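Here the structure is laid out as C-alpha cells; the discussion comes afterwards.
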Amino acid sequence: MSWEDGVRKVVPYVPGEQPKRAGIIKLNTNENPYPPAPGVKKALEGLCYERMRLYPDPESGELVEALAAYYGLSEKQVFVGVGSDDVLALAFLTFFNKEKPILFPDITYSFYDVWADLFRIPFQRIPLDETFRILPEDYIGRECGGIVIANPNAPTGVALPLSEVEKIISANRDVVVIVDEAYVDFGAESALPLLERYENLLVVQTFSKSRAMAGMRIGFAFGNEKLIGYLLDGRFSFNSYPMNRPALAAGAAAVRDDAYFREICDKIIRTRERVKQELGRLGFTFADSRTNFVFAAHEKMPAKEIFEALKEKGVYVRYFAKPRIENYLRITIGTDEEMDQMLFVLREYLEKSIY
Ligand SMILES: *Cc1c(COP(=O)(O)O)cnc(C)c1O
C-alpha cells in the first residue's frame with residue numbers, strides 16, 4: 001500500500017517550446033506577431049496599484065459586458081476564463097458526464113484527450129478523411145456523451161463550413177457540442193449565429209491568437225443562458241476569482257478596438273496567402289489553412305529533418321511525432337519580415353539537401 005495508489009495520475013499536455021534564447025524567429029505556438037491593441041497599453045498603465053489588494057470582480061463584469069456588446073449577445077450568454085484552455089477544461093468537466101464516449105477527430109488539439117483522461121471521460125477518435133476534413137456524417141447516429149471539434153481544426157488549419165457544423169449539432173441535440181474557435185477570426189465561419197437555434201451548443205474562443213494577448217490568458221465562451229449558468233456553477237465551485245484585474249481591464253480594452261483587431265487579422269491573412277505560394281514553390285503541399293499557421297509537408301524531405309535544420313538556424317516551428325501527421329510542420333504566420341527570413345533559411349536548406 002502506498003500513498004501513490006490514491007493519486008489521480010494523468011499524462012499532461014506538452015505545449016510548444018518557449019525558448020529563452022534571444023534573437024530567434026518564433027513560429028511554433030501560433031502567437032500573434034503584432035502587439036495588442038494600443039488601448040490595452042493604456043488600460044494596463046491606468047491600473048491602480050493600490051487596488052491590487054482587493055479581490056477582482058467575481059463576475060468579470062467589465063469583460064463580459066464588452067464581449068456581450070461586441071458580439072450582440074446578452075451578458076448571461078457569455079462566460080470568461082483564464083485562456084480558452086481553462087474554459088474548455090471546465091466545459092469538459094461540466095458537460096461530459098455520460099457513460100458513453102465523447103467524440104472528437106483523430107487529428108485535433110491534443111489537449112482534448114488529456115482533459116478526457118484527467119476527468120475519466122471515455123472518448124472515441126473519429127478519423128479525418130485523407131484531406132484532413134471532418135466528415136459530419138461520422139458524427140451522426142452514433143451514441144455519444146458529447147462532441148468537441150475545433151473549427152478551423154488544429155493543427156491542420158482546415159475549416160468546416162457552417163452548414164456542416166450545423167449538421168453535427170442538430171443531429172446531437174441530446175448532448176453538448178463544443179465548437180472550439182481559437183482560429184476563427186483568420187477567415188472561417190463562426191457557429192455564433194446557431195446559438196439561437198441550438199440549446200446544446202457551446203462556442204469557445206480566445207484572446208491568445210487573433211487578439212495578440214496570449215500572455216494575459218483570456219478565453220471566453222458563448223451559449224444559451226442555461227448552459228452558461230451550468231458553467232458558472234462549475235466555475236464558482238472551483239475558484240471564485242479566476243480573472244485578475246489586469247486581465248479584465250486589458251481584455252475589455254482590446255474588445256473595444258475593433259478597427260485594430262480587423263487590421264492585424266487582415267495583415268496575418270495576407271501574409272499567410274503569400275507564404276502559401278512561396279511554400280508551394282519550394283515543394284510543400286498543404287491543406288487550405290483558415291488560421292494563423294500553415295500545416296505543410298515537403299514532397300522530398302522528412303518534416304523532422306526540416307524542423308531540426310530550421311531550429312539550428314534559430315527558426316522555431318512545431319513538429320508532432322504522431323501517426324498520420326509525422327511528415328508535417330506547423331508554421332505560425334509571423335510578420336512579413338519573419339516569414340521572409342524563415343523562407344530564406346528553408347530555401348537554403350532545401351537547395352543544399354536535395355541537390
Ligand atoms: C491555442 C488553442 C487553444 C487555447 O488557447 P488559450 O491560450 O488557452 O486561450 C484552444 N484550442 C485550440 C485549438 C488552440 O489552438
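Residue names in the C-alpha cells use chain letters A, B, ... in the order shown, residue numbers from 1 in each chain, and ligand numbers from 1 in the order shown.
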
Set out as CSV a contact list for region 138-244 of chain A and region 307-326 of chain A with a cut-off of 12 Å, giving each residue of region 138-244 of chain A that qualifies its closest atom pair and distance in Å to one decimal, counting only C-alpha atoms, ordered by chain and rising residue number.
residue,atom,partner,partner_atom,distance
A:Ala154,CA,A:Ile325,CA,11.6
A:Pro155,CA,A:Ile325,CA,9.2
A:Thr156,CA,A:Ile325,CA,9.0

Which residues are near ligand 1 in this structure, taking near to mean any atom at most 6 Å from a ligand atom and counting only C-alpha atoms and all ligand atoms? Format them as a short mmCIF file (atom, residue, chain, number, x, y, z; two decimals) with all heavy atoms, in the first residue's frame.
data_model
loop_
_atom_site.label_atom_id
_atom_site.label_comp_id
_atom_site.auth_asym_id
_atom_site.auth_seq_id
_atom_site.Cartn_x
_atom_site.Cartn_y
_atom_site.Cartn_z
N GLY A 83 -7.75 31.93 -20.25
CA GLY A 83 -7.40 31.29 -21.53
C GLY A 83 -8.52 30.33 -21.90
O GLY A 83 -9.30 29.90 -21.04
N SER A 84 -8.62 29.99 -23.19
CA SER A 84 -9.70 29.07 -23.54
C SER A 84 -9.41 27.66 -23.03
O SER A 84 -10.32 26.85 -22.89
CB SER A 84 -10.00 29.09 -25.04
OG SER A 84 -8.87 28.80 -25.78
N ASP A 85 -8.16 27.36 -22.71
CA ASP A 85 -7.87 26.05 -22.11
C ASP A 85 -8.64 25.88 -20.81
O ASP A 85 -9.18 24.80 -20.52
CB ASP A 85 -6.36 25.92 -21.83
CG ASP A 85 -5.56 25.71 -23.11
OD1 ASP A 85 -6.15 25.30 -24.13
OD2 ASP A 85 -4.34 25.95 -23.08
N TYR A 109 -6.71 19.21 -31.60
CA TYR A 109 -5.99 19.82 -30.47
C TYR A 109 -5.69 18.73 -29.44
O TYR A 109 -6.60 18.06 -28.96
CB TYR A 109 -6.88 20.90 -29.87
CG TYR A 109 -6.23 21.78 -28.84
CD1 TYR A 109 -4.89 22.15 -28.94
CD2 TYR A 109 -6.96 22.27 -27.77
CE1 TYR A 109 -4.31 22.98 -28.01
CE2 TYR A 109 -6.39 23.11 -26.83
CZ TYR A 109 -5.06 23.45 -26.94
OH TYR A 109 -4.50 24.28 -26.02
N ALA A 150 -12.63 21.37 -33.13
CA ALA A 150 -12.00 22.67 -33.31
C ALA A 150 -12.32 23.09 -34.73
O ALA A 150 -12.13 22.32 -35.67
CB ALA A 150 -10.49 22.56 -33.10
N ALA A 154 -7.16 22.29 -35.57
CA ALA A 154 -5.73 22.39 -35.31
C ALA A 154 -5.19 20.98 -35.13
O ALA A 154 -5.87 20.16 -34.53
CB ALA A 154 -5.50 23.20 -34.04
N ASP A 180 -14.68 24.69 -30.72
CA ASP A 180 -13.50 25.44 -30.28
C ASP A 180 -13.03 26.31 -31.45
O ASP A 180 -12.49 25.82 -32.42
CB ASP A 180 -12.43 24.43 -29.85
CG ASP A 180 -11.12 25.08 -29.43
OD1 ASP A 180 -10.96 26.30 -29.53
OD2 ASP A 180 -10.22 24.31 -28.99
N ALA A 182 -10.69 28.78 -31.71
CA ALA A 182 -9.46 29.53 -31.38
C ALA A 182 -8.95 30.33 -32.58
O ALA A 182 -8.32 31.37 -32.40
CB ALA A 182 -8.39 28.56 -30.89
N THR A 206 -10.80 32.66 -27.96
CA THR A 206 -9.66 33.07 -27.13
C THR A 206 -9.07 34.41 -27.55
O THR A 206 -9.21 34.81 -28.71
CB THR A 206 -8.54 32.00 -27.18
OG1 THR A 206 -7.42 32.47 -26.42
CG2 THR A 206 -8.08 31.71 -28.60
N SER A 208 -5.84 34.74 -27.25
CA SER A 208 -4.43 34.40 -27.40
C SER A 208 -3.90 34.53 -28.82
O SER A 208 -2.72 34.79 -29.02
CB SER A 208 -4.19 32.96 -26.93
OG SER A 208 -4.48 32.83 -25.57
N ALA A 214 -1.81 36.34 -25.80
CA ALA A 214 -1.56 35.04 -25.18
C ALA A 214 -1.02 35.19 -23.76
O ALA A 214 -1.32 34.39 -22.88
CB ALA A 214 -0.58 34.22 -26.04
N ILE A 218 -6.68 34.96 -21.54
CA ILE A 218 -8.12 35.23 -21.56
C ILE A 218 -8.81 34.38 -22.62
O ILE A 218 -8.41 34.39 -23.78
CB ILE A 218 -8.42 36.72 -21.87
CG1 ILE A 218 -7.62 37.65 -20.94
CG2 ILE A 218 -9.92 37.00 -21.72
CD1 ILE A 218 -7.72 39.13 -21.32
N GLY A 219 -9.81 33.65 -22.19
CA GLY A 219 -10.63 32.88 -23.13
C GLY A 219 -12.09 33.16 -22.82
O GLY A 219 -12.40 33.72 -21.76
#

Find the spatial neighbours of Ala252 (chain A), counting only C-alpha atoms, within a cut-off of 12 Å - ignore same-chain residues fewer than 6 positions away - and output them as a PyMOL selection string. chain A and resi 36-37+39-44+60-70+80+207+211+213+216+218+245-246+258

Within region 102-296 of chain A, find each residue whose DSSP state, derived from the backbone, is alpha helix (DSSP H), and express the selection as a ChimeraX atom specification. /A:112-118,162-170,225-235,245-256,258-281

A:Glu263, A:Asp5, A:Glu199, A:Glu181 ranked by distance to Asn153 (chain A), top pick (using only C-alpha atoms):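 Residue with the minimum atom-to-atom distance to Asn153 (chain A): A:Glu181.
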
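In this comparison, which uses only C-alpha atoms, the residue of A:Ser353, A:Ser289, A:Ser210, A:Gln341 approaching Thr131 (chain A) most closely is A:Ser289.
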
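Distances to Glu189 (chain A) were evaluated for A:Lys100, A:Arg53, A:Thr291, A:Ile126 using only C-alpha atoms, and the minimum falls at A:Thr291.
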
Contacts of Lys300 (chain A) at 9 Å (only C-alpha atoms; same-chain gap of 6+ positions) as a list in words: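 So the residues in contact are Gly283, Phe284 and Ile354 of chain A.
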
Could those selected residues go to a file with all heavy atoms, as a compact mmCIF listing (two decimals), in the first residue's frame?
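Output below, filename selection33.txt:
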# COMPACT_ATOMS: atom_id res chain seq x y z
N GLY A 283 8.09 23.22 -52.92
CA GLY A 283 7.78 21.79 -52.93
C GLY A 283 6.96 21.30 -51.74
O GLY A 283 6.92 20.11 -51.46
N PHE A 284 6.30 22.23 -51.06
CA PHE A 284 5.44 21.82 -49.94
C PHE A 284 4.01 21.66 -50.42
O PHE A 284 3.55 22.36 -51.33
CB PHE A 284 5.45 22.88 -48.83
CG PHE A 284 6.69 22.87 -47.99
CD1 PHE A 284 7.79 23.66 -48.31
CD2 PHE A 284 6.77 22.06 -46.85
CE1 PHE A 284 8.93 23.65 -47.54
CE2 PHE A 284 7.91 22.05 -46.08
CZ PHE A 284 9.00 22.85 -46.41
N ILE A 354 18.75 18.70 -51.22
CA ILE A 354 18.14 17.92 -52.31
C ILE A 354 19.07 17.83 -53.51
O ILE A 354 19.11 16.82 -54.19
CB ILE A 354 16.77 18.53 -52.71
CG1 ILE A 354 15.84 18.46 -51.49
CG2 ILE A 354 16.15 17.76 -53.87
CD1 ILE A 354 14.52 19.15 -51.68

Separation of CA of Ala249 (chain A) from CA of Cys48 (chain A) in Å: 11.0 Å

What are the closest atom pairs, with distances in Å to one decimal, for each residue of region 127-187 of chain A lying within 12 Å of region 271-275 of chain A, using only C-alpha atoms, rows by chain and rising residue number, as a Markdown table?
| residue | atom | partner | partner_atom | distance |
| --- | --- | --- | --- | --- |
| A:Gly157 | CA | A:Arg272 | CA | 11.6 |
| A:Phe186 | CA | A:Arg272 | CA | 9.7 |
| A:Gly187 | CA | A:Arg272 | CA | 11.0 |

Neighbouring residues of Phe293 (chain A) were defined as those with any atom within 7 Å, considering only C-alpha atoms; residues of the same chain fewer than 2 positions away were excluded. Please report them as a PyMOL selection string. chain A and resi 30+157+291+295+330-333

Pick from A:Arg290, A:Thr108, A:Pro38, A:Val10: nearest to Ala254 (chain A), with only C-alpha atoms counted?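 Nearest to Ala254 (chain A): A:Pro38.
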
Could you check the closest approach to Val7 (chain A) for each of A:Ala91, A:Leu118, A:Ala253, A:Leu103 and tell me which residue wins, using only C-alpha atoms?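 With only C-alpha atoms as the atom set, the closest residue is A:Leu118.
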
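Proximity ranking of A:Pro15, A:Pro127, A:Pro122, A:Gly6 relative to Pro105 (chain A) places A:Pro127 first, based on only C-alpha atoms.
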
Polymer residues at most 10 Å from Gly229 (chain A), only C-alpha atoms, same-chain spacing of 4 or more positions, as a list in words: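 Result of the neighbour search: Lys76, Gln77, Val78, Phe79, Gly223, Asn224, Glu225, Asp233, Gly234 and Arg235 of chain A.
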